[in-house]
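**Student:** Before we start, here is the structure in question, set down as structure tokens.
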Amino acid sequence: MPAAAADNADGVAVAPAADAATPGGEEIVVTGLRASIEASLIQKKKSDMVSEVITAQDIGKFPDKNVADSLGRLTGVNVVTGSANAGGFGENQSVSIRGTDPNLNLTLLDGHSVATGDWFVLDQQNGGRSFNFSMFPSEIVGQLEVYKSAEADIPEGAIGGTINVHSRMPLDLPAGSVHLSGQGAYNDLAAKWEPQFSGVASWKNKDETFGVLVSGFYEKRAFRRDGQEFLGYQTVDNFADTGQTVLAPTLIGNAYFTQQRVRKGGDIAVQWKPTDNLELTATGLYTRMDANNTNVNSMAWTSRLLGQNSSAGLDDISKDEGNALTGYTIKNIGGQNVLTGATWANTATNGAPVYGKVQDDIFRTAYSSTWVANFDAKWRPTDALTLDGEIGYTKGKGATSDTEAWETYWRTGMSYAFDGKHANLSFPDLPADNSSAAYLDNFYNWSWGGKIVSPDREFYAKADAEYAIDNGWLKSIKVGGRYTDHKRSLIYDAYQWAGNGLFSGTQTIGLGSVYDGDMTPGDYSDGIAGAPPYALANRDKVLELLSQNGGRVFGFYPPQSFSVKERDAAVYAMAKVGNDRDWRGNIGVRAVHTDLATTQYSPNAETLDVHSIFGDYGTVRDGSKYWDVLPSANLTYNINEKLLVRGAAAKVMSRPGYAQLAGAFSLDDLGLTGTAGGNPHLKPYRAWQFNLAAEWYYAPQALFSVGLFDLDIKSYITSQTTTQFYKTQQHPDGANFLVTAPVNGGGGTNKGVEVNWQQPIAWGFGIIANYTYSDAKKKKSAVVASDGFSRVIDGNSKHTYNVTGYFEDKWVSARLAYSFRSKFRSGIDRSTPMWQDDFGQLDGSVLIHVTKQVDLSFDAQNITNSKLYYFVGDKAVPRAYYDNGRTFYAGARLNF
């Protein structure tokens, strides 16, 4: 007898496998990983859009540790672990679709907005629109959808695609479902086990008209990142009086980053169906990640040596100048002269001391949080008419609630030489023992820091009405509207310390004053540059010193504060078309009005109404308004019951990042670089999006598909770098800074092909593989001189592929997954284009079914210990090299 569809453990209908009927007539129900694969393909096939789907049929059995990890397995989806400024960390947090920047994608939770916050200070200041997926543990998610085409009833804001995260609902689960999970997480660099717990409980009444689901989670992870960073490059004219212009590193640092992340929170969902025609749903979500971190960078102070000790004409000892350069190597790399090595003596030719090393010990108390409250009502007053209303509020926050930075430097010469992906550093005038009193007796330079809070909140409401017609080709007409009131701010309270004036440039206090025996580990940098261990400042001692001499005096710091208010109103109309046999789709149009109001602060404003310990500033209020009309069409044709083709076309838009509109004005006093704040008159990204795909569902759990896409970007936002003169606390006489600001540029294109193959093999084995080719580039008319006339579009990897092998029987479920993305430009950092090199990562998981209720779980991430390498233009010019180590998990799951 043929096998019938069956409900899995979570009550979700799953079509059984083709061989589900045994000779005796007994049905075999597909469960576990294979059931998830099958349910995902069923949902993908049913969709009217070009989309990808991941479904977790069993609670707690999502195949990865956070949502971004799972999204990275999908065709055409890339993940990154950090921004250009931050570099990469050991957990995926941002998602790029078909090579578009994460800020150009839209993330929804159950179809509505979700605010977010960033834990890392530079990401807080960058104020982008990408969602931080490290906030979402996989336990709260039932399904992920990635919409690669557009539809009129889906909120605008995405050029690359829209990610819809579906949480679990109580009426979809068996009554009395309980899932508990506990694991230990171990990072081999941090060498520490940390606990992780989660639980989900769901109940519904016998009539299945009322249900409640609650979940909670507590996850702790220890992070350590070893790295070497080249913090910017500068162009030096007439280097060493040779007449040559060279590109030279500004700072070369051996960086040591440590962090403990604690992610905690939960969600609740209440569903009520008082009648067959009315459904009310209320949901709430709260998640917070405490992310305190310490970043220490022991750096070759190349910028100072280049500026003060590299020319025979520098002999003014009163300014500590004088030529100390004794040797150098210049190589032509990619048509540019690069200073790949240089040596400076301990003293200049005129006897002046040389200062060749500087160290920053930075301590941050940080967190990010998100909460959402949402209410949805669906009512069918007649068989033909369906009304849907939704209202909600969401708030996110990224905060660095305190930062203390302690900067000291040494009187020493320095030598560096590029060596593959890193540079070898030496300091000939320093003791070999980096914990000795002679080493610790160095010079104090500066302390800075403060408190940053970046709240992100939105009120939203929508109403939809759909009227069924079903006359043979017109299925229904759907209309609706949506309103959002959004505000994103950055509030920076910095501190002054009288000790900066008392001790700067002296040996009165230094690294030794705040040293308490802490050193980088003995294996520090073994996988990167082989740098020797070095002494670290102690946070308690730093705070003790900063409490003296009047203590830290906090004040509002206007240059790095801003706010953006954005009110969006959209209306749409859409017709769903098709028959009940071979074709279906929709055609519609969405019109949206954007109303922006920005607040920034300037020392050059006509009225200086903000008085701070850092000076007088004027409030600058500005804004802009604009309309976008966005037509869209999706069409699917079933050639037969297994083979279909899809076509889609739409006009799409994505608004600029908040910091691009009203960003903080910031200067890096050591690197002499900066960002010039925002531009409230930026136009949004606008593009035409085209898709064509063929999908062959030739067996249960099996698919072969090919898709073509073409993104024609009409307008693009780029950066422009200019030299500007500024006075700062560390440069009271002023200095020239390379300052980068956002500007509207021309357009670009992104064309490519996607191939997806999913195949169960035999005896429980199967394979999932996909490949994406994406060729994204600016149009020739869009290139600018400040970007080296580059046609590169940030975030685009030309080649991406994923290969997953799996095995499953009634005792074991195992998976081994490899993901790869080719090099891509990750952005502009310190006025320098930054690229991430090819990167591949191997992950694995094993689930052992001890009993029906008990599973043992083992997971491993980055099994081969792949490292992140960043470069500037050419792979031979290093920018950063990071080792985040491997992470392992072991635990148990209980299901009732």
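By convention here, the chains of the structure tokens are called A, B, ... in the order presented, each chain's residues are numbered starting at 1, and ligands are numbered starting at 1 in the order presented.
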Would you list the contacts of region 576-586 of chain A as a CSV table (one decimal) with C-alpha atoms, in the first residue's frame, taking every protein, DNA or RNA residue within 8 Å and counting only C-alpha atoms, but skipping same-chain residues closer than 5 positions in sequence?
**Tutor:**
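Writing the result to result-v8.csv gives the following:
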```
chain,number,residue,atom,x,y,z
A,48,ASP,CA,5.7,31.6,-5.1
A,49,MET,CA,9.1,33.3,-4.7
A,151,GLU,CA,7.0,40.6,-3.2
A,472,GLY,CA,-9.6,30.3,-12.9
A,473,TRP,CA,-6.6,32.7,-13.2
A,474,LEU,CA,-7.0,35.4,-10.5
A,475,LYS,CA,-6.7,33.8,-7.1
A,476,SER,CA,-7.0,36.8,-4.9
A,477,ILE,CA,-6.4,40.5,-4.4
A,478,LYS,CA,-4.4,41.6,-1.4
A,633,ALA,CA,6.3,40.1,-10.2
A,634,ASN,CA,6.9,36.4,-9.4
A,635,LEU,CA,5.8,33.5,-11.7
A,636,THR,CA,6.2,29.8,-11.3
A,637,TYR,CA,5.4,27.2,-14.0
A,638,ASN,CA,5.1,23.5,-13.2
A,639,ILE,CA,6.4,21.6,-16.3
A,640,ASN,CA,5.4,18.5,-14.4
```
**Student:** Using only C-alpha atoms, find each residue of region 226-332 of chain A with at least one atom at most 8 Å away from an atom of region 523-539 of chain A; report its shortest atom-to-atom pair and that distance in Å (one decimal), sort the rows by chain and rising residue number, and return the result as a Markdown table.
**Tutor:**
```
| residue | atom | partner | partner_atom | distance |
| --- | --- | --- | --- | --- |
| A:Asp226 | CA | A:Ser525 | CA | 5.6 |
| A:Gly227 | CA | A:Ile528 | CA | 6.5 |
| A:Gln228 | CA | A:Ala529 | CA | 7.0 |
| A:Asn254 | CA | A:Ala531 | CA | 7.1 |
| A:Val296 | CA | A:Leu536 | CA | 7.4 |
| A:Ser298 | CA | A:Tyr534 | CA | 8.0 |
```
**Student:** Show me, as a PDB file with N, CA, C and O atoms, in the first residue's frame, the residues that have an atom within 12 Å of Gly840 (chain A) when counting only C-alpha atoms, minus same-chain residues fewer than 5 positions from it.
**Tutor:**
```
ATOM      1  N   GLY A  72      24.442  30.236   6.613  1.00  0.00           N
ATOM      2  CA  GLY A  72      25.631  30.128   5.781  1.00  0.00           C
ATOM      3  C   GLY A  72      25.704  28.853   4.981  1.00  0.00           C
ATOM      4  O   GLY A  72      26.541  28.732   4.076  1.00  0.00           O
ATOM      5  N   ASN A  78      26.320  34.037   2.350  1.00  0.00           N
ATOM      6  CA  ASN A  78      27.629  34.076   2.996  1.00  0.00           C
ATOM      7  C   ASN A  78      27.478  34.610   4.406  1.00  0.00           C
ATOM      8  O   ASN A  78      26.562  35.376   4.704  1.00  0.00           O
ATOM      9  N   VAL A  79      28.393  34.230   5.268  1.00  0.00           N
ATOM     10  CA  VAL A  79      28.400  34.752   6.630  1.00  0.00           C
ATOM     11  C   VAL A  79      29.763  35.346   6.932  1.00  0.00           C
ATOM     12  O   VAL A  79      30.779  34.952   6.359  1.00  0.00           O
ATOM     13  N   VAL A  80      29.769  36.328   7.819  1.00  0.00           N
ATOM     14  CA  VAL A  80      31.020  36.929   8.275  1.00  0.00           C
ATOM     15  C   VAL A  80      30.994  36.995   9.794  1.00  0.00           C
ATOM     16  O   VAL A  80      29.937  37.053  10.416  1.00  0.00           O
ATOM     17  N   HIS A 799      33.158  33.272  -5.603  1.00  0.00           N
ATOM     18  CA  HIS A 799      32.886  31.840  -5.516  1.00  0.00           C
ATOM     19  C   HIS A 799      32.515  31.472  -4.085  1.00  0.00           C
ATOM     20  O   HIS A 799      33.239  31.794  -3.138  1.00  0.00           O
ATOM     21  N   THR A 800      31.391  30.791  -3.952  1.00  0.00           N
ATOM     22  CA  THR A 800      30.945  30.290  -2.652  1.00  0.00           C
ATOM     23  C   THR A 800      30.415  28.878  -2.847  1.00  0.00           C
ATOM     24  O   THR A 800      29.685  28.629  -3.806  1.00  0.00           O
ATOM     25  N   TYR A 801      30.802  27.969  -1.953  1.00  0.00           N
ATOM     26  CA  TYR A 801      30.197  26.648  -2.031  1.00  0.00           C
ATOM     27  C   TYR A 801      30.108  26.027  -0.647  1.00  0.00           C
ATOM     28  O   TYR A 801      30.856  26.370   0.273  1.00  0.00           O
ATOM     29  N   ASN A 802      29.163  25.099  -0.513  1.00  0.00           N
ATOM     30  CA  ASN A 802      28.947  24.336   0.709  1.00  0.00           C
ATOM     31  C   ASN A 802      28.774  22.872   0.347  1.00  0.00           C
ATOM     32  O   ASN A 802      28.066  22.543  -0.620  1.00  0.00           O
ATOM     33  N   VAL A 803      29.384  22.010   1.106  1.00  0.00           N
ATOM     34  CA  VAL A 803      29.230  20.570   0.927  1.00  0.00           C
ATOM     35  C   VAL A 803      28.960  19.960   2.294  1.00  0.00           C
ATOM     36  O   VAL A 803      29.760  20.134   3.224  1.00  0.00           O
ATOM     37  N   ALA A 817      30.161  19.241   7.592  1.00  0.00           N
ATOM     38  CA  ALA A 817      29.839  20.322   6.660  1.00  0.00           C
ATOM     39  C   ALA A 817      31.048  21.209   6.434  1.00  0.00           C
ATOM     40  O   ALA A 817      31.715  21.627   7.392  1.00  0.00           O
ATOM     41  N   TYR A 818      31.320  21.498   5.156  1.00  0.00           N
ATOM     42  CA  TYR A 818      32.418  22.395   4.797  1.00  0.00           C
ATOM     43  C   TYR A 818      31.845  23.570   4.014  1.00  0.00           C
ATOM     44  O   TYR A 818      31.083  23.391   3.057  1.00  0.00           O
ATOM     45  N   SER A 819      32.206  24.782   4.439  1.00  0.00           N
ATOM     46  CA  SER A 819      31.753  26.000   3.764  1.00  0.00           C
ATOM     47  C   SER A 819      32.961  26.786   3.292  1.00  0.00           C
ATOM     48  O   SER A 819      33.960  26.900   4.013  1.00  0.00           O
ATOM     49  N   PHE A 820      32.851  27.358   2.096  1.00  0.00           N
ATOM     50  CA  PHE A 820      33.966  28.118   1.518  1.00  0.00           C
ATOM     51  C   PHE A 820      33.441  29.367   0.838  1.00  0.00           C
ATOM     52  O   PHE A 820      32.394  29.347   0.186  1.00  0.00           O
ATOM     53  N   ARG A 821      34.167  30.457   1.011  1.00  0.00           N
ATOM     54  CA  ARG A 821      33.916  31.654   0.228  1.00  0.00           C
ATOM     55  C   ARG A 821      35.259  32.245  -0.192  1.00  0.00           C
ATOM     56  O   ARG A 821      36.218  32.266   0.576  1.00  0.00           O
ATOM     57  N   SER A 822      35.312  32.715  -1.431  1.00  0.00           N
ATOM     58  CA  SER A 822      36.547  33.284  -1.944  1.00  0.00           C
ATOM     59  C   SER A 822      36.731  34.698  -1.410  1.00  0.00           C
ATOM     60  O   SER A 822      35.863  35.256  -0.742  1.00  0.00           O
ATOM     61  N   LYS A 823      37.867  35.278  -1.703  1.00  0.00           N
ATOM     62  CA  LYS A 823      38.222  36.587  -1.171  1.00  0.00           C
ATOM     63  C   LYS A 823      37.153  37.631  -1.495  1.00  0.00           C
ATOM     64  O   LYS A 823      36.450  37.540  -2.499  1.00  0.00           O
ATOM     65  N   GLN A 861      33.309  23.033  15.792  1.00  0.00           N
ATOM     66  CA  GLN A 861      33.362  24.120  14.813  1.00  0.00           C
ATOM     67  C   GLN A 861      34.816  24.440  14.493  1.00  0.00           C
ATOM     68  O   GLN A 861      35.668  24.472  15.383  1.00  0.00           O
ATOM     69  N   ASN A 862      35.056  24.674  13.200  1.00  0.00           N
ATOM     70  CA  ASN A 862      36.395  24.998  12.700  1.00  0.00           C
ATOM     71  C   ASN A 862      37.382  23.882  13.060  1.00  0.00           C
ATOM     72  O   ASN A 862      38.438  24.116  13.663  1.00  0.00           O
ATOM     73  N   ILE A 863      37.036  22.683  12.647  1.00  0.00           N
ATOM     74  CA  ILE A 863      37.812  21.492  12.997  1.00  0.00           C
ATOM     75  C   ILE A 863      39.256  21.598  12.510  1.00  0.00           C
ATOM     76  O   ILE A 863      40.191  21.185  13.201  1.00  0.00           O
ATOM     77  N   THR A 864      39.460  22.157  11.333  1.00  0.00           N
ATOM     78  CA  THR A 864      40.814  22.251  10.765  1.00  0.00           C
ATOM     79  C   THR A 864      41.562  23.500  11.216  1.00  0.00           C
ATOM     80  O   THR A 864      42.659  23.775  10.733  1.00  0.00           O
ATOM     81  N   ASN A 865      40.968  24.270  12.141  1.00  0.00           N
ATOM     82  CA  ASN A 865      41.599  25.478  12.688  1.00  0.00           C
ATOM     83  C   ASN A 865      42.001  26.464  11.590  1.00  0.00           C
ATOM     84  O   ASN A 865      43.133  26.957  11.533  1.00  0.00           O
ATOM     85  N   SER A 866      41.058  26.749  10.712  1.00  0.00           N
ATOM     86  CA  SER A 866      41.298  27.738   9.654  1.00  0.00           C
ATOM     87  C   SER A 866      41.452  29.119  10.267  1.00  0.00           C
ATOM     88  O   SER A 866      40.821  29.445  11.270  1.00  0.00           O
ATOM     89  N   LYS A 867      42.293  29.928   9.642  1.00  0.00           N
ATOM     90  CA  LYS A 867      42.594  31.261  10.162  1.00  0.00           C
ATOM     91  C   LYS A 867      42.141  32.326   9.175  1.00  0.00           C
ATOM     92  O   LYS A 867      42.086  32.083   7.968  1.00  0.00           O
ATOM     93  N   LEU A 868      41.814  33.489   9.713  1.00  0.00           N
ATOM     94  CA  LEU A 868      41.347  34.605   8.894  1.00  0.00           C
ATOM     95  C   LEU A 868      42.522  35.490   8.509  1.00  0.00           C
ATOM     96  O   LEU A 868      43.277  35.936   9.370  1.00  0.00           O
ATOM     97  N   TYR A 869      42.644  35.741   7.207  1.00  0.00           N
ATOM     98  CA  TYR A 869      43.706  36.619   6.728  1.00  0.00           C
ATOM     99  C   TYR A 869      43.091  37.756   5.933  1.00  0.00           C
ATOM    100  O   TYR A 869      42.243  37.552   5.074  1.00  0.00           O
TER     101      TYR A 869
END
```
**Student:** Can you tell me, as an MDAnalysis selection string, which residues in region 515-663 of chain A count as helix (DSSP H, G or I) by DSSP?
**Tutor:** chainID A and resid 539:546 558:560 658:662
**Student:** Store the residues picked out above, limited to N, CA and C atoms, as a tab-separated table (two decimals), in the first residue's frame.
**Tutor:**
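The result, written out as part-v7.tsv:
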```
chain	number	residue	atom	x	y	z
A	539	ARG	N	43.60	45.51	34.88
A	539	ARG	CA	42.49	46.46	34.84
A	539	ARG	C	42.26	47.13	36.20
A	540	ASP	N	42.33	46.35	37.27
A	540	ASP	CA	42.10	46.94	38.59
A	540	ASP	C	43.14	48.01	38.91
A	541	LYS	N	44.39	47.75	38.53
A	541	LYS	CA	45.44	48.74	38.78
A	541	LYS	C	45.25	49.99	37.92
A	542	VAL	N	44.79	49.79	36.67
A	542	VAL	CA	44.50	50.93	35.80
A	542	VAL	C	43.40	51.79	36.43
A	543	LEU	N	42.32	51.15	36.87
A	543	LEU	CA	41.23	51.91	37.47
A	543	LEU	C	41.68	52.60	38.76
A	544	GLU	N	42.55	51.95	39.52
A	544	GLU	CA	43.05	52.58	40.74
A	544	GLU	C	43.83	53.85	40.42
A	545	LEU	N	44.68	53.79	39.40
A	545	LEU	CA	45.44	54.98	39.02
A	545	LEU	C	44.53	56.06	38.47
A	546	LEU	N	43.54	55.65	37.67
A	546	LEU	CA	42.63	56.64	37.08
A	546	LEU	C	41.74	57.29	38.13
A	558	PRO	N	30.26	65.33	21.97
A	558	PRO	CA	29.42	65.55	20.79
A	558	PRO	C	29.97	65.00	19.48
A	559	PRO	N	31.29	65.07	19.20
A	559	PRO	CA	31.74	64.64	17.88
A	559	PRO	C	31.39	63.19	17.54
A	560	GLN	N	31.24	62.34	18.56
A	560	GLN	CA	30.94	60.94	18.29
A	560	GLN	C	29.54	60.56	18.76
A	658	TYR	N	22.64	54.04	9.38
A	658	TYR	CA	22.35	55.20	10.23
A	658	TYR	C	23.57	56.10	10.40
A	659	ALA	N	24.73	55.50	10.55
A	659	ALA	CA	25.94	56.32	10.69
A	659	ALA	C	26.31	56.99	9.38
A	660	GLN	N	25.88	56.43	8.25
A	660	GLN	CA	26.10	57.10	6.97
A	660	GLN	C	25.23	58.36	6.88
A	661	LEU	N	24.09	58.33	7.55
A	661	LEU	CA	23.19	59.48	7.51
A	661	LEU	C	23.58	60.55	8.53
A	662	ALA	N	24.04	60.12	9.70
A	662	ALA	CA	24.36	61.10	10.73
A	662	ALA	C	25.43	60.53	11.66
```
**Student:** List every residue of region 96-150 of chain A that has an atom at most 12 Å from any atom of region 773-787 of chain A, giving for each one its closest atom pair and the distance in Å to one decimal, counting only C-alpha atoms, sorted by chain and then by ascending residue number, as CSV.
**Tutor:**
```
residue,atom,partner,partner_atom,distance
A:Ser96,CA,A:Ser774,CA,11.9
A:Ile97,CA,A:Ser774,CA,10.1
A:Arg98,CA,A:Ser774,CA,6.4
A:Gly99,CA,A:Ser774,CA,6.5
A:Thr100,CA,A:Ala776,CA,8.4
A:Asp101,CA,A:Ala776,CA,11.1
```
**Student:** If you keep N, CA and C atoms, can you produce a file of those selected residues as a short mmCIF file (atom, residue, chain, number, x, y, z; two decimals), in the first residue's frame?
**Tutor:**
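Output (out-v9.cif):
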```cif
data_model
loop_
_atom_site.label_atom_id
_atom_site.label_comp_id
_atom_site.auth_asym_id
_atom_site.auth_seq_id
_atom_site.Cartn_x
_atom_site.Cartn_y
_atom_site.Cartn_z
N SER A 96 25.41 37.86 4.34
CA SER A 96 25.42 38.50 3.03
C SER A 96 24.73 37.58 2.04
N ILE A 97 23.84 38.12 1.22
CA ILE A 97 23.10 37.34 0.24
C ILE A 97 23.55 37.72 -1.16
N ARG A 98 24.05 36.73 -1.88
CA ARG A 98 24.51 36.92 -3.25
C ARG A 98 25.50 38.07 -3.37
N GLY A 99 26.40 38.15 -2.41
CA GLY A 99 27.48 39.12 -2.51
C GLY A 99 27.13 40.54 -2.14
N THR A 100 25.92 40.78 -1.64
CA THR A 100 25.59 42.14 -1.22
C THR A 100 25.97 42.31 0.25
N ASP A 101 26.32 43.53 0.59
CA ASP A 101 26.74 43.85 1.95
C ASP A 101 25.63 43.49 2.94
#
```
**Student:** So that I can check the secondary structure, give me every residue of region 114-220 of chain A assigned strand (DSSP E or B) by backbone DSSP, as a PyMOL selection string.
**Tutor:** chain A and resi 137+141-147+162-167+177-187+192-204+210-220
**Student:** Find the spatial neighbours of Val846 (chain A), counting only C-alpha atoms, within a cut-off of 7 Å - ignore same-chain residues fewer than 5 positions away - and output them as a VMD selection string.
**Tutor:** chain A and resid 813 to 815 857 to 859
**Student:** Check which residues of region 96-173 of chain A sit at most 10 Å from region 396-417 of chain A using only C-alpha atoms, and return one row each with the closest pair of atoms and their distance in Å to one decimal, ordered by chain and rising number, as a Markdown table.
**Tutor:**
```
| residue | atom | partner | partner_atom | distance |
| --- | --- | --- | --- | --- |
| A:Val114 | CA | A:Gly396 | CA | 8.1 |
| A:Ala115 | CA | A:Gly396 | CA | 4.8 |
| A:Thr116 | CA | A:Gly396 | CA | 4.3 |
| A:Gly117 | CA | A:Gly398 | CA | 4.1 |
| A:Asp118 | CA | A:Gly398 | CA | 4.6 |
| A:Trp119 | CA | A:Gly398 | CA | 5.3 |
| A:Phe120 | CA | A:Thr400 | CA | 7.6 |
| A:Val121 | CA | A:Thr400 | CA | 6.4 |
| A:Asp123 | CA | A:Gly398 | CA | 8.9 |
| A:Gln124 | CA | A:Gly398 | CA | 6.3 |
| A:Gln125 | CA | A:Gly398 | CA | 9.7 |
| A:Gly127 | CA | A:Gly398 | CA | 9.9 |
```
**Student:** Keeping only N, CA, C and O atoms, write the selected residues to a file as a compact mmCIF listing (two decimals), in the first residue's frame.
**Tutor:**
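selection_28.txt was written with the following content:
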```txt
# COMPACT_ATOMS: atom_id res chain seq x y z
N VAL A 114 12.65 43.64 13.77
CA VAL A 114 13.35 43.27 14.99
C VAL A 114 14.57 44.18 15.13
O VAL A 114 15.37 44.29 14.21
N ALA A 115 14.65 44.88 16.24
CA ALA A 115 15.78 45.78 16.48
C ALA A 115 16.98 44.97 16.95
O ALA A 115 16.86 43.82 17.38
N THR A 116 18.13 45.60 16.89
CA THR A 116 19.34 44.88 17.26
C THR A 116 20.35 45.84 17.88
O THR A 116 20.17 47.06 17.85
N GLY A 117 21.40 45.27 18.41
CA GLY A 117 22.49 46.05 18.95
C GLY A 117 23.80 45.33 18.72
O GLY A 117 23.83 44.10 18.57
N ASP A 118 24.88 46.06 18.69
CA ASP A 118 26.21 45.48 18.49
C ASP A 118 27.00 45.58 19.79
O ASP A 118 26.98 46.61 20.46
N TRP A 119 27.73 44.53 20.11
CA TRP A 119 28.51 44.54 21.34
C TRP A 119 29.87 45.19 21.14
O TRP A 119 30.45 45.71 22.10
N PHE A 120 30.41 45.18 19.89
CA PHE A 120 31.76 45.70 19.68
C PHE A 120 31.71 47.19 19.42
O PHE A 120 30.89 47.68 18.66
N VAL A 121 32.62 47.91 20.06
CA VAL A 121 32.55 49.37 20.09
C VAL A 121 32.59 49.98 18.69
O VAL A 121 31.86 50.95 18.40
N ASP A 123 31.61 48.63 15.86
CA ASP A 123 30.34 48.37 15.19
C ASP A 123 29.24 49.28 15.73
O ASP A 123 28.35 49.70 14.98
N GLN A 124 29.29 49.59 17.01
CA GLN A 124 28.32 50.55 17.58
C GLN A 124 28.48 51.90 16.89
O GLN A 124 27.49 52.55 16.55
N GLN A 125 29.71 52.34 16.71
CA GLN A 125 29.94 53.64 16.09
C GLN A 125 29.61 53.63 14.60
O GLN A 125 29.22 54.65 14.05
N GLY A 127 27.15 52.06 13.16
CA GLY A 127 25.70 52.27 13.05
C GLY A 127 25.08 51.75 11.78
O GLY A 127 24.33 52.47 11.12
```
**Student:** Choose the residue, out of A:Ile362, A:Leu682, A:Ala68, A:Ala438, that has the smallest atom-to-atom separation from Phe257 (chain A); count only C-alpha atoms.
**Tutor:**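 Of the candidates, the smallest distance to Phe257 (chain A) is held by A:Ile362.
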**Student:** List as a PyMOL selection string the protein and nucleic acid residues near Asn205 (chain A), meaning an atom at most 9 Å away when only C-alpha atoms are counted, but skip any in the same chain fewer than 5 places from it.
**Tutor:** chain A and resi 175+210-211
**Student:** What would the file look like if the residues just selected were written as a PDB file, in the first residue's frame with C-alpha atoms?
**Tutor:**
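In the end it all went to result39.pdb:
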```pdb
ATOM      1  CA  ALA A 175       0.576  19.291  23.942  1.00  0.00           C
ATOM      2  CA  PHE A 210      -5.411  27.847  23.115  1.00  0.00           C
ATOM      3  CA  GLY A 211      -1.729  27.268  23.614  1.00  0.00           C
TER       4      GLY A 211
END
```
**Student:** Looking at A:Thr281, A:Thr258, A:Gln689, A:Asn187, which one is nearest to Leu213 (chain A), with distances taken over only C-alpha atoms?
**Tutor:**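 So, comparing all the options, the nearest one is A:Thr281.
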**Student:** With only C-alpha atoms as the atoms that count, which of A:Phe418, A:Ala465, A:Gly671, A:Ala570 lies nearest to Trp301 (chain A)?
**Tutor:** A:Gly671
**Student:** Show me, as a ChimeraX atom specification, the residues that have an atom within 6 Å of region 197-200 of chain A when counting only C-alpha atoms, minus same-chain residues fewer than 3 positions from it.
**Tutor:** /A:178-182,214-218
**Student:** Could you pull the residues within 12 Å of Asn92 (chain A), counting only C-alpha atoms, minus those fewer than 2 positions along the same chain, as a VMD selection string?
**Tutor:** chain A and resid 64 to 72 78 to 83 87 to 90 94 to 96 131 to 137 841 861 to 862 884
**Student:** Which is closest to Glu695 (chain A) among A:Val645, A:Ala291, A:Ile761, A:Ala735, if we use only C-alpha atoms?
**Tutor:**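 The shortest atom-to-atom distance to Glu695 (chain A) comes from A:Val645.
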**Student:** One decimal, in Å: what's the spacing between CA of Trp627 (chain A) and CA of Asp568 (chain A)?
**Tutor:**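 A separation of 9.8 Å between them.
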**Student:** For the atom pair CA of Lys642 (chain A) and CA of Leu711 (chain A), what is the interatomic distance in Å to one decimal place?
**Tutor:**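 About the pair CA of Lys642 (chain A) and CA of Leu711 (chain A): they are 28.4 Å apart.
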**Student:** Measuring between only C-alpha atoms, which one of A:Gly522, A:Gly327, A:Pro684, A:Gly499 shows the shortest distance to Leu339 (chain A)?
**Tutor:**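 Among A:Gly522, A:Gly327, A:Pro684, A:Gly499, it is A:Gly327 that comes nearest to Leu339 (chain A).
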